[in-house]
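*Asks:* Sharing a structure below in structure tokens format, with a few things to ask.
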Amino acid sequence: MTLVKDSPPDAPRLRVAAPGAAGRRRRGEHLAGFLFMSPWIAGFLFLTAGPMAASLYFAFTDYNLFDAPRWIGFDNFTTMFDDPRWRKSVEVTARYVVIGTPLKLLLALGVALLLAQSRRGQAFYRAAFYAPSLIGASVSVGFVWRALFSDDAVVDRTQSFLGFSPGGWVGDPGRVLYSLVALTVWQFGAPMVIFLAGLKQVPRELYEAAEVDGAGPLRRFWSITLPMISPVLFFNVLLETIHSFQIFGSAYVVSNTTCGPADATLVYTCYLYQKGFKESQMGFASAMAWMLLLAVALVTAVLFWSQKRWVHYAEDAR
């Protein structure tokens with residue numbers, strides 16, 4: 001008897017790509033990625049990085065937009081610190097940031113807490129409260145705001161009807177800055193939406209357990225809501241603080257391009273604009289711009305340092 005051993009079936013053959021082909025494929029993918037990114041890269045180099053590098057050079061020069069820049073070292077910075085109007089602009093901007101940012105965030109959080117509850121017409125209310133954030137930065141709103149707070153206008157007549165002393169806010173150095181604060185607080189829609197998204201992520205079970213333990217509304221808000229939305233709160237504080245430092249359009253329009261009266265609305269960017277484009281001191285204005293960048297960077301660093309004490313992330317609880 002002869003035993004015949006069946007031959008195994010043919011095994012599938014694996015194709016191994018040549019090293020050169022794999023390298024060409026990766027280079028093609030990288031090239032395609034850079035081609036898609038090229039509009040952003042070009043915009044960043046020519047519209048952001050390039051002007052920033054030029055302004056850094058101009059900050060150490062005497063440059064008036066017409067003659068060639070002349071190197072003067074740190075003279076612009078020393079002149080800046082001795083300038084009383086520069087110190088006034090720092091004071092006005094600091095007051096605006098310290099007053100306007102907390103009020104805006106408090107109103108945004110309060111409205112977000114109301115809209116987080118199920119009610120009829122919820123979508124309409126959200127859109128209505130968010131709308132001012134879309135139009136608030138426009139020049140036309142600045143003109144309307146100036147008209148509302150002028151002498152014998154709507155706000156003036158309302159406060160006179162309520163028994164307060166009349167007098168337009170726009171022409172009063174003691175009150176005109178608060179009209180700008182009211183304008184920025186009115187634009188609370190953007191942080192409100194972010195707060196609302198954070199509130200939706202808080203588990204309902206936490207509130208139910210707190211109610212069983214006898215915790216009241218304030219206790220639940222302080223012990224559950226605030227810790228759970230603290231990352232969102234930190235994000236809004238950081239973003240709105242940076243935006244407040246950059247205020248320009250509303251102050252320029254409401255003050256009728258004067259940043260007054262009596263420099264009462266002389267925010268930092270308004271004085272920077274005056275020095276750079278009205279007085280043609282572009283070197284001085286560039287030095288001011290870099291000081292503003294350093295100030296915002298310092299405030300941002302302080303906020304990031306402080307968030308370790310009061311911001312609670314989900315990873316920390318694991």
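Chain labels run A, B, ... following the order of the structure tokens; each chain numbers its residues from 1, and ligands are numbered from 1 in the order shown.
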Taking 3 positions as the minimum chain separation for residues in the same chain, which residues sit within 9 Å of range 272-277 of chain A when counting only C-alpha atoms? Answer as a list in words.
*Replies:* Asn64, Leu65, Trp86, Phe248, Val267, Tyr268, Thr269, Ser280, Gln281, Met282, Gly283, Phe284, Ala285, Ser286, Met288 and Ala289 of chain A
*Asks:* The selected residues should be written to file as a short mmCIF file (atom, residue, chain, number, x, y, z; two decimals), in the first residue's frame (atoms: N, CA and C atoms).
*Replies:*
```
data_model
loop_
_atom_site.label_atom_id
_atom_site.label_comp_id
_atom_site.auth_asym_id
_atom_site.auth_seq_id
_atom_site.Cartn_x
_atom_site.Cartn_y
_atom_site.Cartn_z
N ASN A 64 7.71 107.58 12.28
CA ASN A 64 6.52 108.41 12.13
C ASN A 64 5.69 108.06 10.90
N LEU A 65 5.89 106.89 10.33
CA LEU A 65 5.16 106.38 9.18
C LEU A 65 5.59 106.99 7.86
N TRP A 86 -0.54 108.18 29.49
CA TRP A 86 -0.38 106.72 29.44
C TRP A 86 -0.79 106.10 30.77
N PHE A 248 -11.89 98.80 22.33
CA PHE A 248 -11.53 99.98 21.54
C PHE A 248 -12.76 100.59 20.87
N VAL A 267 -9.23 104.50 27.20
CA VAL A 267 -8.74 103.14 27.41
C VAL A 267 -7.41 102.98 26.69
N TYR A 268 -6.70 101.92 27.01
CA TYR A 268 -5.32 101.76 26.53
C TYR A 268 -5.25 101.75 25.00
N THR A 269 -6.12 100.98 24.36
CA THR A 269 -6.06 100.89 22.91
C THR A 269 -6.47 102.20 22.23
N SER A 280 1.10 110.17 14.59
CA SER A 280 2.13 109.54 13.75
C SER A 280 3.36 109.13 14.55
N GLN A 281 3.17 108.72 15.79
CA GLN A 281 4.27 108.20 16.60
C GLN A 281 4.15 106.67 16.65
N MET A 282 4.44 106.04 15.51
CA MET A 282 4.23 104.61 15.41
C MET A 282 5.22 103.83 16.27
N GLY A 283 6.41 104.36 16.48
CA GLY A 283 7.35 103.68 17.37
C GLY A 283 6.84 103.64 18.79
N PHE A 284 6.31 104.75 19.27
CA PHE A 284 5.74 104.81 20.61
C PHE A 284 4.52 103.89 20.70
N ALA A 285 3.66 103.89 19.68
CA ALA A 285 2.49 103.03 19.68
C ALA A 285 2.88 101.55 19.68
N SER A 286 3.94 101.21 18.96
CA SER A 286 4.39 99.82 18.96
C SER A 286 4.89 99.40 20.34
N MET A 288 3.79 100.63 23.12
CA MET A 288 2.57 100.46 23.92
C MET A 288 1.92 99.11 23.64
N ALA A 289 1.90 98.70 22.37
CA ALA A 289 1.28 97.42 22.02
C ALA A 289 1.99 96.26 22.69
#
```
*Asks:* At a cut-off of 8 Å, using only C-alpha atoms, what residues contact Met228 in chain A? Leave out same-chain residues fewer than 2 positions from it and give the result as a ChimeraX atom specification.
*Replies:* /A:202,224-226,230-231,312-313
*Asks:* Which parts of range 21-133 of chain A does DSSP call strand (DSSP E or B) when run on the backbone here, written out as a ChimeraX atom specification?
*Replies:* /A:61-62,70-71
*Asks:* Can you build me a table of range 115-198 of chain A residues sitting at most 10 Å from range 88-97 of chain A, with the closest atom pair per residue and its distance in Å to one decimal, using only C-alpha atoms, sorted by chain and residue number, as a Markdown table?
*Replies:*
```
| residue | atom | partner | partner_atom | distance |
| --- | --- | --- | --- | --- |
| A:Leu177 | CA | A:Tyr96 | CA | 7.4 |
| A:Tyr178 | CA | A:Tyr96 | CA | 8.2 |
| A:Leu180 | CA | A:Tyr96 | CA | 8.1 |
| A:Val181 | CA | A:Tyr96 | CA | 6.7 |
| A:Thr184 | CA | A:Tyr96 | CA | 9.7 |
```
*Asks:* Just the helix (DSSP H, G or I) stuff from range 62-247 of chain A, please, per backbone DSSP, written as a VMD selection string.
*Replies:* chain A and resid 75 to 82 84 to 115 122 to 135 139 to 148 154 to 161 176 to 186 189 to 200 204 to 212 217 to 228 230 to 245
*Asks:* Using C-alpha atoms, can you export the residues from the last selection as a short mmCIF file (atom, residue, chain, number, x, y, z; two decimals), in the first residue's frame?
*Replies:*
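Result file is part-v9.cif:
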```
data_model
loop_
_atom_site.label_atom_id
_atom_site.label_comp_id
_atom_site.auth_asym_id
_atom_site.auth_seq_id
_atom_site.Cartn_x
_atom_site.Cartn_y
_atom_site.Cartn_z
CA ASP A 75 13.57 105.64 24.88
CA ASN A 76 9.96 104.89 23.90
CA PHE A 77 9.48 102.81 27.05
CA THR A 78 11.03 105.37 29.38
CA THR A 79 8.95 108.13 27.78
CA MET A 80 5.87 105.96 28.15
CA PHE A 81 6.30 105.48 31.90
CA ASP A 82 6.75 109.26 32.35
CA PRO A 84 0.66 111.03 32.53
CA ARG A 85 -1.86 110.21 29.78
CA TRP A 86 -0.38 106.72 29.44
CA ARG A 87 -0.79 106.21 33.17
CA LYS A 88 -4.36 107.52 32.85
CA SER A 89 -5.09 104.98 30.09
CA VAL A 90 -3.79 102.17 32.29
CA GLU A 91 -6.02 103.34 35.15
CA VAL A 92 -9.13 103.61 32.96
CA THR A 93 -8.53 100.19 31.39
CA ALA A 94 -7.96 98.57 34.79
CA ARG A 95 -11.21 100.04 36.14
CA TYR A 96 -13.09 98.83 33.09
CA VAL A 97 -11.69 95.29 33.39
CA VAL A 98 -12.22 95.03 37.16
CA ILE A 99 -15.81 96.33 37.02
CA GLY A 100 -17.10 95.11 33.67
CA THR A 101 -15.77 91.54 33.54
CA PRO A 102 -17.24 90.28 36.87
CA LEU A 103 -20.62 91.93 36.20
CA LYS A 104 -20.80 90.40 32.74
CA LEU A 105 -19.95 86.92 34.02
CA LEU A 106 -22.37 87.15 36.93
CA LEU A 107 -25.23 88.11 34.64
CA ALA A 108 -24.26 85.40 32.14
CA LEU A 109 -24.20 82.74 34.87
CA GLY A 110 -27.49 83.91 36.36
CA VAL A 111 -29.32 83.80 33.03
CA ALA A 112 -27.71 80.44 32.20
CA LEU A 113 -29.06 79.00 35.47
CA LEU A 114 -32.55 80.16 34.51
CA LEU A 115 -32.35 78.83 30.96
CA GLN A 122 -36.54 77.99 25.76
CA ALA A 123 -34.99 78.16 22.29
CA PHE A 124 -36.41 81.65 21.74
CA TYR A 125 -35.04 82.95 25.03
CA ARG A 126 -31.60 81.53 24.31
CA ALA A 127 -31.49 83.17 20.89
CA ALA A 128 -32.79 86.47 22.25
CA PHE A 129 -30.20 86.64 25.02
CA TYR A 130 -27.40 85.60 22.66
CA ALA A 131 -28.23 88.14 19.93
CA PRO A 132 -26.51 91.16 21.58
CA SER A 133 -23.19 89.30 21.46
CA LEU A 134 -23.46 89.21 17.67
CA ILE A 135 -24.18 92.90 17.13
CA VAL A 139 -20.11 100.68 15.14
CA SER A 140 -23.85 101.20 14.65
CA VAL A 141 -24.57 99.88 18.17
CA GLY A 142 -21.96 102.30 19.50
CA PHE A 143 -23.84 105.21 17.94
CA VAL A 144 -27.14 103.92 19.36
CA TRP A 145 -25.57 103.55 22.80
CA ARG A 146 -24.23 107.09 22.63
CA ALA A 147 -27.71 108.36 21.74
CA LEU A 148 -29.31 106.42 24.62
CA VAL A 154 -33.97 107.64 27.16
CA VAL A 155 -31.65 106.83 30.06
CA ASP A 156 -31.60 110.44 31.24
CA ARG A 157 -35.40 110.69 31.26
CA THR A 158 -35.77 107.31 32.96
CA GLN A 159 -33.48 108.19 35.85
CA SER A 160 -35.20 111.56 36.18
CA PHE A 161 -38.57 109.77 36.38
CA VAL A 176 -19.31 107.84 30.96
CA LEU A 177 -17.11 104.84 31.73
CA TYR A 178 -20.09 103.09 33.33
CA SER A 179 -21.99 103.44 30.08
CA LEU A 180 -19.22 101.38 28.45
CA VAL A 181 -19.49 98.87 31.29
CA ALA A 182 -23.24 98.65 30.65
CA LEU A 183 -22.55 98.00 26.97
CA THR A 184 -20.17 95.14 27.66
CA VAL A 185 -22.49 93.63 30.29
CA TRP A 186 -25.34 93.78 27.74
CA GLY A 189 -24.70 86.07 25.43
CA ALA A 190 -21.44 84.34 24.49
CA PRO A 191 -20.33 83.42 28.05
CA MET A 192 -23.96 82.55 28.83
CA VAL A 193 -23.98 79.86 26.13
CA ILE A 194 -20.72 78.42 27.48
CA PHE A 195 -22.10 78.39 31.03
CA LEU A 196 -25.26 76.71 29.75
CA ALA A 197 -23.23 73.96 28.10
CA GLY A 198 -21.34 73.40 31.35
CA LEU A 199 -24.53 73.25 33.41
CA LYS A 200 -25.93 70.58 31.10
CA ARG A 204 -28.70 65.15 37.99
CA GLU A 205 -27.91 62.43 40.51
CA LEU A 206 -25.75 64.83 42.51
CA TYR A 207 -28.63 67.26 43.00
CA GLU A 208 -31.01 64.45 43.89
CA ALA A 209 -28.60 63.09 46.53
CA ALA A 210 -28.11 66.59 47.94
CA GLU A 211 -31.87 67.12 48.20
CA VAL A 212 -32.20 63.83 50.09
CA PRO A 217 -30.71 75.68 46.68
CA LEU A 218 -27.81 77.89 47.79
CA ARG A 219 -25.96 74.96 49.31
CA ARG A 220 -26.44 72.89 46.13
CA PHE A 221 -25.21 75.78 44.01
CA TRP A 222 -22.12 76.37 46.16
CA SER A 223 -21.20 72.71 46.75
CA ILE A 224 -22.23 71.11 43.46
CA THR A 225 -22.81 73.59 40.65
CA LEU A 226 -19.77 75.82 41.10
CA PRO A 227 -17.22 73.00 41.54
CA MET A 228 -18.64 71.07 38.59
CA SER A 230 -15.33 75.51 37.53
CA PRO A 231 -13.42 74.61 34.31
CA VAL A 232 -16.05 76.45 32.28
CA LEU A 233 -15.94 79.36 34.72
CA PHE A 234 -12.16 79.54 34.39
CA PHE A 235 -12.43 79.55 30.59
CA ASN A 236 -14.95 82.39 30.62
CA VAL A 237 -12.94 84.44 33.13
CA LEU A 238 -9.81 84.05 31.03
CA LEU A 239 -11.51 84.84 27.72
CA GLU A 240 -13.54 87.81 28.93
CA THR A 241 -10.59 89.32 30.78
CA ILE A 242 -8.50 89.26 27.62
CA HIS A 243 -11.38 90.76 25.63
CA SER A 244 -11.80 93.54 28.19
CA PHE A 245 -8.16 94.58 27.82
#
```
*Asks:* If I take CA of Lys308 in chain A and CA of Leu293 in chain A, how far is one from the other in Å, to one decimal?
*Replies:*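 Computed distance, CA of Lys308 in chain A to CA of Leu293 in chain A, equals 23.6 Å.
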*Asks:* Please report the interatomic distance between CA of Ile247 in chain A and CA of Asp151 in chain A in Å with one decimal.
*Replies:*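 The value is 24.2 Å.
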